[in-house]
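Student: Here you go, this is my_file_1.cif (mmCIF, C-alpha atoms).
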```
data_work
#
loop_
_atom_site.label_atom_id
_atom_site.label_comp_id
_atom_site.auth_asym_id
_atom_site.auth_seq_id
_atom_site.Cartn_x
_atom_site.Cartn_y
_atom_site.Cartn_z
CA MET A 24 99.30 106.43 76.88
CA GLY A 25 97.01 104.56 79.25
CA LYS A 26 98.90 101.34 78.59
CA VAL A 27 102.20 103.05 79.47
CA VAL A 28 100.97 104.77 82.63
CA ASN A 29 99.59 101.75 84.45
CA LYS A 30 100.03 100.58 88.00
CA ARG A 31 102.78 98.06 87.24
CA ASN A 32 104.92 100.60 85.37
CA ILE A 33 104.48 103.20 88.11
CA ILE A 34 105.60 100.70 90.76
CA SER A 35 108.59 99.65 88.65
CA ALA A 36 109.56 103.32 88.15
CA LEU A 37 109.31 104.03 91.90
CA ILE A 38 111.45 101.02 92.79
CA LEU A 39 114.00 102.02 90.15
CA PHE A 40 114.06 105.59 91.49
CA ALA A 41 114.59 104.30 95.05
CA VAL A 42 117.45 102.07 93.90
CA VAL A 43 119.28 104.79 91.95
CA PHE A 44 118.52 107.64 94.39
CA PRO A 45 121.97 107.48 96.13
CA LEU A 46 123.58 107.67 92.68
CA LEU A 47 121.69 110.89 91.87
CA THR A 48 123.01 112.85 94.83
CA GLU A 49 126.22 113.03 96.87
CA ASN A 50 124.46 114.80 99.70
CA ASN A 51 124.47 112.41 102.67
CA TYR A 52 121.83 114.49 104.43
CA LEU A 53 119.29 113.76 101.69
CA ILE A 54 120.14 110.07 101.85
CA HIS A 55 119.73 110.22 105.64
CA ILE A 56 116.25 111.77 105.31
CA MET A 57 115.21 109.21 102.71
CA THR A 58 116.44 106.34 104.91
CA SER A 59 114.46 107.75 107.85
CA SER A 60 111.39 107.94 105.60
CA PHE A 61 111.75 104.26 104.70
CA ILE A 62 111.97 103.29 108.39
CA TRP A 63 108.81 105.24 109.25
CA MET A 64 107.04 103.67 106.26
CA ILE A 65 107.61 100.21 107.72
CA GLY A 66 106.07 101.34 111.03
CA VAL A 67 103.12 102.94 109.20
CA TYR A 68 102.50 99.71 107.29
CA GLY A 69 102.09 97.96 110.64
CA LEU A 70 99.50 100.53 111.71
CA ASN A 71 97.78 100.32 108.32
CA LEU A 72 97.46 96.53 108.46
CA LEU A 73 95.62 96.74 111.77
CA ALA A 74 93.59 99.94 111.38
CA GLY A 75 93.06 99.90 107.63
CA TYR A 76 92.15 96.24 107.13
CA THR A 77 90.51 95.19 110.39
CA GLY A 78 89.27 98.56 111.66
CA TYR A 79 91.14 98.46 114.99
CA LEU A 80 92.99 101.72 115.64
CA SER A 81 95.99 101.08 117.89
CA LEU A 82 97.53 104.05 119.70
CA ALA A 83 100.33 101.94 121.20
CA HIS A 84 102.44 101.49 118.10
CA ALA A 85 105.10 103.94 119.22
CA GLY A 86 105.48 101.65 122.23
CA PHE A 87 106.11 98.59 120.05
CA PHE A 88 108.44 100.68 117.90
CA ALA A 89 110.37 101.52 121.09
CA ILE A 90 110.35 97.88 122.26
CA GLY A 91 112.01 96.80 119.01
CA ALA A 92 114.57 99.58 119.26
CA TYR A 93 115.39 99.02 122.95
CA ALA A 94 115.49 95.23 122.61
CA LEU A 95 118.16 95.57 119.93
CA GLY A 96 120.01 98.24 121.91
CA ILE A 97 120.05 96.31 125.19
CA LEU A 98 121.05 93.01 123.56
CA THR A 99 123.92 94.56 121.59
CA VAL A 100 125.18 97.21 124.04
CA LYS A 101 124.65 95.50 127.41
CA ALA A 102 124.62 91.81 126.50
CA GLN A 103 127.27 92.24 123.75
CA MET A 104 125.30 89.90 121.52
CA ASN A 105 125.95 89.42 117.81
CA PHE A 106 124.03 92.10 115.89
CA TRP A 107 121.93 89.86 113.64
CA LEU A 108 121.07 87.48 116.46
CA ALA A 109 120.00 90.48 118.56
CA PHE A 110 118.06 91.80 115.56
CA LEU A 111 116.07 88.57 115.25
CA LEU A 112 115.51 88.38 119.01
CA SER A 113 114.24 91.96 119.08
CA LEU A 114 111.53 90.94 116.60
CA VAL A 115 110.69 87.85 118.65
CA ILE A 116 110.45 89.91 121.85
CA THR A 117 108.22 92.50 120.17
CA GLY A 118 106.01 89.78 118.71
CA LEU A 119 105.63 87.97 122.05
CA ILE A 120 104.72 91.19 123.87
CA GLY A 121 102.31 91.98 121.03
CA LEU A 122 100.73 88.54 121.46
CA LEU A 123 100.22 89.02 125.20
CA VAL A 124 98.84 92.53 124.72
CA GLY A 125 96.60 91.45 121.85
CA LEU A 126 95.00 88.65 123.89
CA ILE A 127 93.64 91.28 126.27
CA ALA A 128 93.27 94.35 124.05
CA LEU A 129 91.27 92.61 121.32
CA ARG A 130 88.52 91.75 123.79
CA THR A 131 87.60 95.42 123.56
CA LYS A 132 86.20 97.21 120.50
CA GLU A 133 86.09 100.59 118.79
CA HIS A 134 86.95 103.53 121.05
CA PHE A 135 87.52 101.23 124.06
CA PHE A 136 90.29 99.51 122.08
CA ALA A 137 91.83 102.88 121.16
CA ILE A 138 91.72 104.09 124.79
CA TYR A 139 93.18 100.81 126.06
CA THR A 140 96.08 100.93 123.61
CA LEU A 141 96.63 104.61 124.37
CA CYS A 142 97.07 103.77 128.06
CA LEU A 143 99.28 100.81 127.19
CA GLY A 144 101.52 102.97 125.02
CA TYR A 145 101.95 105.41 127.88
CA ILE A 146 102.81 102.56 130.28
CA ILE A 147 105.52 101.34 127.86
CA TYR A 148 106.89 104.86 127.72
CA LEU A 149 106.97 105.11 131.54
CA VAL A 150 108.72 101.73 131.86
CA ILE A 151 111.43 102.84 129.44
CA ASP A 152 111.76 106.23 131.12
CA LYS A 153 111.86 105.02 134.75
CA TRP A 154 113.64 101.63 134.54
CA GLU A 155 117.15 103.09 134.50
CA GLY A 156 118.86 99.80 135.34
CA LEU A 157 117.69 98.30 132.06
CA THR A 158 117.09 101.21 129.68
CA GLU A 159 119.35 103.93 131.18
CA GLY A 160 116.26 106.10 131.64
CA VAL A 161 116.37 109.63 130.29
CA ARG A 162 120.08 109.26 129.43
CA GLY A 163 119.16 106.74 126.76
CA LEU A 164 121.24 104.00 125.19
CA ILE A 165 124.42 105.12 123.45
CA GLY A 166 126.74 103.22 121.16
CA ILE A 167 124.34 100.87 119.42
CA PRO A 168 126.43 99.19 116.71
CA ALA A 169 125.79 99.34 113.01
CA PRO A 170 124.73 96.07 111.37
CA THR A 171 127.63 93.69 111.00
CA GLY A 172 128.64 92.73 107.50
CA ILE A 173 127.15 89.79 105.64
CA GLY A 174 129.97 88.26 103.63
CA PRO A 175 131.48 90.99 101.43
CA ILE A 176 128.56 93.37 102.12
CA GLN A 177 129.30 95.94 104.82
CA PHE A 178 126.89 98.46 106.36
CA GLU A 179 129.25 101.13 107.67
CA THR A 180 128.34 103.89 105.22
CA GLU A 181 125.18 105.96 104.84
CA VAL A 182 124.51 104.52 101.37
CA SER A 183 124.91 100.89 102.43
CA HIS A 184 122.49 101.47 105.32
CA TYR A 185 120.08 103.07 102.87
CA TYR A 186 120.01 99.91 100.76
CA LEU A 187 119.61 97.71 103.85
CA VAL A 188 116.54 99.66 104.98
CA LEU A 189 115.20 99.72 101.40
CA PHE A 190 115.50 95.92 101.28
CA PHE A 191 113.37 95.53 104.41
CA LEU A 192 110.84 98.10 103.13
CA LEU A 193 110.39 96.22 99.85
CA LEU A 194 110.04 92.98 101.84
CA VAL A 195 107.30 94.55 104.00
CA VAL A 196 105.48 95.90 100.91
CA LEU A 197 105.64 92.44 99.30
CA ILE A 198 104.27 90.81 102.47
CA MET A 199 101.49 93.40 102.64
CA TYR A 200 100.62 92.82 98.98
CA ARG A 201 100.43 89.06 99.49
CA ILE A 202 98.28 89.47 102.60
CA VAL A 203 95.85 91.97 101.07
CA HIS A 204 95.35 89.91 97.91
CA SER A 205 94.89 86.62 99.74
CA LEU A 206 91.89 84.99 101.35
CA SER A 207 93.22 86.18 104.72
CA GLY A 208 93.17 89.79 103.48
CA ARG A 209 89.53 89.47 102.41
CA THR A 210 88.78 87.94 105.80
CA TYR A 211 90.30 90.95 107.55
CA ILE A 212 88.24 93.32 105.38
CA ALA A 213 85.11 91.32 106.21
CA ILE A 214 85.88 91.77 109.90
CA ARG A 215 86.38 95.49 109.35
CA ASN A 216 83.07 95.85 107.52
CA SER A 217 81.00 93.86 110.00
CA GLU A 218 82.52 91.69 112.70
CA ASP A 219 79.13 90.23 113.69
CA LEU A 220 78.38 89.25 110.11
CA ALA A 221 81.84 87.70 109.76
CA GLN A 222 81.16 85.54 112.83
CA THR A 223 77.85 84.35 111.42
CA ILE A 224 79.58 82.94 108.31
CA GLY A 225 82.04 80.99 110.45
CA ILE A 226 85.09 83.28 110.55
CA SER A 227 87.15 83.04 113.74
CA THR A 228 87.40 86.76 114.29
CA MET A 229 89.53 86.59 117.44
CA GLN A 230 92.15 84.36 115.81
CA ASN A 231 92.35 86.56 112.72
CA LYS A 232 92.47 89.79 114.69
CA LEU A 233 95.22 88.39 116.91
CA THR A 234 97.25 87.34 113.86
CA VAL A 235 96.95 90.84 112.39
CA PHE A 236 97.80 92.48 115.71
CA VAL A 237 100.98 90.43 116.14
CA LEU A 238 102.02 91.07 112.51
CA SER A 239 101.34 94.75 113.05
CA THR A 240 103.56 94.87 116.15
CA LEU A 241 106.27 92.93 114.29
CA PHE A 242 106.36 95.61 111.59
CA ALA A 243 106.58 98.29 114.29
CA GLY A 244 109.36 96.35 116.07
CA LEU A 245 111.24 95.90 112.78
CA ALA A 246 111.07 99.64 112.16
CA GLY A 247 112.29 100.29 115.70
CA ALA A 248 115.25 97.91 115.39
CA LEU A 249 116.26 99.48 112.06
CA TYR A 250 115.92 102.93 113.60
CA ALA A 251 118.16 102.02 116.56
CA SER A 252 120.90 100.62 114.31
CA PHE A 253 120.61 103.67 112.05
CA VAL A 254 120.82 106.51 114.60
CA ARG A 255 122.98 104.53 117.13
CA PHE A 256 121.35 106.38 120.04
CA ILE A 257 117.84 106.03 121.43
CA GLY A 258 115.97 107.74 124.25
CA PRO A 259 112.54 107.22 125.83
CA ASP A 260 111.01 109.86 123.54
CA ILE A 261 110.78 107.33 120.71
CA GLY A 262 108.02 105.63 122.73
CA SER A 263 106.02 108.80 123.35
CA ILE A 264 102.47 109.27 122.12
CA SER A 265 103.62 112.01 119.73
CA ILE A 266 105.37 109.33 117.64
CA THR A 267 102.10 107.41 117.39
CA PHE A 268 100.33 110.56 116.21
CA ASP A 269 103.09 111.12 113.63
CA LEU A 270 102.56 107.57 112.30
CA LEU A 271 98.82 108.15 112.24
CA THR A 272 99.25 111.43 110.36
CA TYR A 273 101.40 109.73 107.71
CA LEU A 274 98.75 107.05 107.31
CA LEU A 275 95.73 109.37 107.14
CA VAL A 276 97.36 111.70 104.63
CA GLY A 277 98.50 108.86 102.37
CA GLY A 278 95.39 106.72 102.62
CA ILE A 279 94.26 104.31 105.31
CA GLY A 280 93.40 100.85 103.99
CA THR A 281 95.44 101.30 100.80
CA LEU A 282 98.70 99.64 99.80
CA SER A 283 100.52 102.73 98.60
CA GLY A 284 99.07 105.14 101.18
CA PRO A 285 101.90 104.66 103.75
CA LEU A 286 104.50 105.37 101.05
CA VAL A 287 102.82 108.53 99.78
CA GLY A 288 101.86 109.97 103.17
CA THR A 289 105.19 109.33 104.88
CA LEU A 290 107.28 110.62 101.99
CA LEU A 291 105.16 113.74 101.63
CA ILE A 292 105.03 114.69 105.32
CA VAL A 293 108.67 113.85 106.13
CA TRP A 294 110.02 115.88 103.22
CA LEU A 295 107.54 118.70 103.80
CA SER A 296 108.66 118.82 107.44
CA GLN A 297 112.25 119.29 106.27
CA TYR A 298 111.21 122.38 104.31
CA LEU A 299 109.25 123.69 107.29
CA GLN A 300 111.99 123.29 109.87
CA ASP A 301 111.67 126.94 110.84
CA PHE A 302 108.12 126.15 111.95
CA GLN A 303 109.04 122.92 113.74
CA GLU A 304 107.41 123.99 117.00
CA ASN A 305 104.23 125.10 115.28
CA ARG A 306 104.08 122.68 112.39
CA MET A 307 100.80 121.19 113.64
CA LEU A 308 99.24 124.61 113.05
CA ILE A 309 99.82 123.85 109.38
CA PHE A 310 99.28 120.10 109.35
CA GLY A 311 96.28 120.17 111.71
CA PRO A 312 93.81 122.08 109.46
CA VAL A 313 95.08 120.26 106.35
CA LEU A 314 94.60 116.90 108.05
CA THR A 315 91.12 117.88 109.27
CA LEU A 316 90.00 118.90 105.78
CA LEU A 317 91.50 115.76 104.32
CA VAL A 318 89.68 113.49 106.77
CA ILE A 319 86.37 115.30 106.14
CA PHE A 320 86.48 115.39 102.33
CA TYR A 321 88.82 112.46 101.55
CA PRO A 322 88.63 109.93 104.42
CA ARG A 323 90.83 107.47 102.48
CA GLY A 324 93.60 110.03 102.01
CA LEU A 325 95.33 111.16 98.85
CA VAL A 326 95.58 107.67 97.39
CA GLY A 327 91.92 107.01 98.10
CA ALA A 328 90.96 110.33 96.48
CA VAL A 329 92.95 109.53 93.33
CA SER A 330 91.47 106.03 93.24
CA ALA A 331 87.91 107.40 93.53
CA TRP A 332 88.58 109.98 90.79
CA ASN A 333 90.00 107.27 88.51
CA THR A 334 87.01 104.98 89.13
CA LYS A 335 84.62 107.82 88.32
CA ARG A 336 86.57 108.68 85.15
CA ILE A 337 86.51 105.07 83.94
CA GLY A 338 82.77 104.86 84.67
CA LYS A 339 82.05 107.95 82.56
CA LYS A 340 84.28 106.63 79.76
CA GLU A 341 82.45 103.29 79.71
CA GLN A 342 79.10 105.05 79.67
CA ARG A 343 80.15 107.18 76.67
CA GLN A 344 81.39 104.08 74.84
CA SER A 345 78.10 102.31 75.55
CA ASN A 346 76.14 105.26 74.18
CA ASN A 347 78.31 105.39 71.04
CA ARG A 348 77.79 101.68 70.41
CA THR A 349 74.03 102.17 70.67
CA ARG A 350 74.13 104.98 68.09
CA ILE A 351 76.28 102.96 65.66
CA LYS A 352 73.82 100.10 65.71
CA GLY A 353 71.13 102.54 64.59
CA GLU A 354 69.02 102.03 67.63
CA PRO A 355 67.02 105.05 68.79
CA PHE A 356 68.91 107.17 71.28
CA ILE A 357 67.27 106.99 74.66
CA GLU A 358 67.72 110.13 76.73
CA SER A 359 67.46 108.26 80.01
CA GLU A 360 70.79 106.49 79.27
CA ILE A 361 72.75 109.64 80.10
CA VAL A 362 70.32 111.11 82.58
CA PRO A 363 70.84 110.23 86.22
CA ASP A 364 68.29 107.79 87.64
CA LYS A 365 66.92 110.38 90.00
CA LYS A 366 65.96 112.73 87.14
CA VAL A 367 64.36 109.90 85.18
CA LYS A 368 62.10 109.09 88.09
CA GLU A 369 61.19 112.71 88.54
CA GLY A 370 60.30 112.98 84.84
#
```
Rewrite the coordinates I just gave you, this time as structure tokens.
Tutor:
Amino acid sequence: MGKVVNKRNIISALILFAVVFPLLTENNYLIHIMTSSFIWMIGVYGLNLLAGYTGYLSLAHAGFFAIGAYALGILTVKAQMNFWLAFLLSLVITGLIGLLVGLIALRTKEHFFAIYTLCLGYIIYLVIDKWEGLTEGVRGLIGIPAPTGIGPIQFETEVSHYYLVLFFLLLVVLIMYRIVHSLSGRTYIAIRNSEDLAQTIGISTMQNKLTVFVLSTLFAGLAGALYASFVRFIGPDIGSISITFDLLTYLLVGGIGTLSGPLVGTLLIVWLSQYLQDFQENRMLIFGPVLTLLVIFYPRGLVGAVSAWNTKRIGKKEQRQSNNRTRIKGEPFIESEIVPDKKVKEG
């Protein structure tokens, strides 16, 4: 049973379910919600890379999400640029702005970094809201085109857009996996655990933090560009601080600093929100206490809690096997082997 239910099989089953999901239902609304979930997951992965693996909590990610969305919208609607060229440029623009912001923001630490990015996110929101000549202000940008076809593949239908977003989500997950399991990923974790110690062993912390920050903003910009091409209309609200808090909620519930946390948290909260639409105005009255309890008792979210439980279960299993082997060999059973260290000392 344990060999069947392993991590690789679970991942394969989830990917298979995501691929066949449009074939299991003809309800376009469900496909729409699932596509939205995938887009938010990409944005949450950006936040997770920065906060979960380097320990820098950015509260400006809704701003970078909005920059990606507006860059695509302005280039396609106002400049009449080819969609895919505008799509690539929107990522470049988001990355360049992320680079400039990161050069300044990363000179601060801990809560100063969070406050700085919070202010920056609000400035981005104000620029979008007030610069009517470029962004159309509160009226928003209307008529953003759907992705143009690539050869015989067209993206006019809900299902085709679903697969396009799924492709980018899988690409982001693969990139995250490669980063986390590489030397760079271990470097980022070393910075998170102790930046001073990382500097003493010769790690260029500023260079690594800047790389992560730019990658993080690129993920947010990618999610924003996909969102703009999906809903075809964007307003300044997509850059508001409430979007950042939504992304943070998805991450904390799923598990910060884990690979599958953004998937679990986003899917759970987005679908739960659909079933609580009648409480839309007061949904934080439900999510707030749940989130508080989760942070207190399971700071690494649901995935972290399951991982800790599994580690504990394996530890107990190995201890039992060790005790059994000792008995089989005919060696005298030593009580201290199953008694916690603290009790042994007290005895």
Student: Care to translate the PyMOL selection byres ((chain A and resi 60) around 12) into actual residues of this file, as an NGL selection string?
Tutor: :A and (41 or 53-59 or 61-67 or 185 or 188-189 or 192 or 246 or 249-250 or 269-270 or 273 or 285-297)
Student: Would you list the contacts of Pro322 in chain A as a list in words, taking every protein, DNA or RNA residue within 9 Å and counting only C-alpha atoms, but skipping same-chain residues closer than 3 positions in sequence?
Tutor: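 With the cut-off at 9 Å, the set is Leu275, Val276, Gly278, Ile279, Leu317, Val318, Ile319, Leu325, Gly327 and Ala328 of chain A.
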Student: Okay, now the selection with C-alpha atoms, as a short mmCIF file (atom, residue, chain, number, x, y, z; two decimals), keeping the file's coordinate frame?
Tutor:
```
data_model
loop_
_atom_site.label_atom_id
_atom_site.label_comp_id
_atom_site.auth_asym_id
_atom_site.auth_seq_id
_atom_site.Cartn_x
_atom_site.Cartn_y
_atom_site.Cartn_z
CA LEU A 275 95.73 109.37 107.14
CA VAL A 276 97.36 111.70 104.63
CA GLY A 278 95.39 106.72 102.62
CA ILE A 279 94.26 104.31 105.31
CA LEU A 317 91.50 115.76 104.32
CA VAL A 318 89.68 113.49 106.77
CA ILE A 319 86.37 115.30 106.14
CA LEU A 325 95.33 111.16 98.85
CA GLY A 327 91.92 107.01 98.10
CA ALA A 328 90.96 110.33 96.48
#
```
Student: Kindly give the distance, in Å, that separates CA of Ala89 in chain A and CA of Ile176 in chain A, rounded to a single decimal.
Tutor: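 Answer for the CA of Ala89 in chain A to CA of Ile176 in chain A separation: 27.5 Å.
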Student: What would the selection look like, as a ChimeraX atom specification, if the PyMOL selection byres ((chain A and resi 167) around 8) were run on the coordinates I just shared?
Tutor: /A:96,99-100,164-166,168-169,251-252,255-256
Student: Using only C-alpha atoms, which of A:Tyr298, A:Tyr93, A:Phe310, A:Tyr139 sits nearest Thr272 in chain A?
Tutor: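 Among A:Tyr298, A:Tyr93, A:Phe310, A:Tyr139, it is A:Phe310 that comes nearest to Thr272 in chain A.
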Student: What does the distance between CA of Gly258 in chain A and CA of Gly172 in chain A come to in Å, to one decimal place?
Tutor: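 Interatomic distance here is 25.8 Å.
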Student: Using only C-alpha atoms, collect all residues at a distance of at most 10 Å from (117.7, 99.1, 127.7) as written in the file, then present them as a list in words.
Tutor: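 Residues satisfying the cut-off, written out: Ile90, Ala92, Tyr93, Ala94, Leu95, Gly96, Ile97, Leu98, Thr99, Val100, Lys101, Ile151, Asp152, Trp154, Glu155, Gly156, Leu157, Thr158, Glu159, Gly160, Gly163, Leu164, Ile165, Ile257, Gly258 and Pro259 of chain A.
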Student: Hey, what comes out of the PyMOL selection byres ((chain A and resi 130) around 12) on this file? Could you write it as a list in words?
Tutor: Tyr79, Val124, Gly125, Leu126, Ile127, Ala128, Leu129, Thr131, Lys132, Glu133, Phe135, Phe136, Ala137, Tyr139, Thr140, Thr228, Met229, Gln230, Lys232 and Leu233 of chain A
Student: Set out as a Markdown table a contact list for range 237-349 of chain A and range 193-200 of chain A with a cut-off of 12 Å, giving each residue of range 237-349 of chain A that qualifies its closest atom pair and distance in Å to one decimal, counting only C-alpha atoms, ordered by chain and rising residue number.
Tutor:
```
| residue | atom | partner | partner_atom | distance |
| --- | --- | --- | --- | --- |
| A:Leu238 | CA | A:Met199 | CA | 10.2 |
| A:Ser239 | CA | A:Met199 | CA | 10.5 |
| A:Leu241 | CA | A:Val195 | CA | 10.5 |
| A:Phe242 | CA | A:Val195 | CA | 7.7 |
| A:Ala243 | CA | A:Val195 | CA | 11.0 |
| A:Leu245 | CA | A:Val195 | CA | 9.7 |
| A:Ala246 | CA | A:Val195 | CA | 10.3 |
| A:Gly280 | CA | A:Met199 | CA | 11.1 |
| A:Thr281 | CA | A:Tyr200 | CA | 10.1 |
| A:Leu282 | CA | A:Tyr200 | CA | 7.1 |
| A:Ser283 | CA | A:Val196 | CA | 8.8 |
| A:Gly284 | CA | A:Val196 | CA | 11.2 |
| A:Pro285 | CA | A:Val196 | CA | 9.9 |
| A:Leu286 | CA | A:Val196 | CA | 9.5 |
```
Student: For each of A:Val237, A:Leu316, A:Ile309, A:Ala331, take the minimum atom-to-atom distance to Ile120 in chain A, counting all atoms listed in the file, then give the residue where this is smallest.
Tutor: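 Answer, going by the shortest atom-to-atom distance: A:Val237.
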Student: Can you measure CA of Ala74 in chain A to CA of Ile214 in chain A for me? One decimal in Å is fine.
Tutor: 11.3 Å
Student: Using all atoms listed in the file, which of A:Lys335, A:Phe44, A:Ile116, A:Phe106 sits nearest Thr171 in chain A?
Tutor: A:Phe106
Student: Find, counting only C-alpha atoms, the residue in A:Ile147, A:Val115, A:Leu141, A:Thr234 that gets nearest to Ile202 in chain A.
Tutor: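 Comparing A:Ile147, A:Val115, A:Leu141, A:Thr234 against Ile202 in chain A, the winner is A:Thr234.
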Student: Taking into account all atoms listed in the file, which residue in the set A:Pro175, A:Gly262, A:Pro170, A:Gly208 is nearest to Leu187 in chain A?
Tutor: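 Of all the options, A:Pro170 lies closest to Leu187 in chain A.
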Student: Between A:Gly174, A:Ile38, A:Glu49, A:Leu82, which one has atoms that come closest to Leu271 in chain A, using all atoms listed in the file?
Tutor: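 Smallest distance to Leu271 in chain A is found for A:Leu82.
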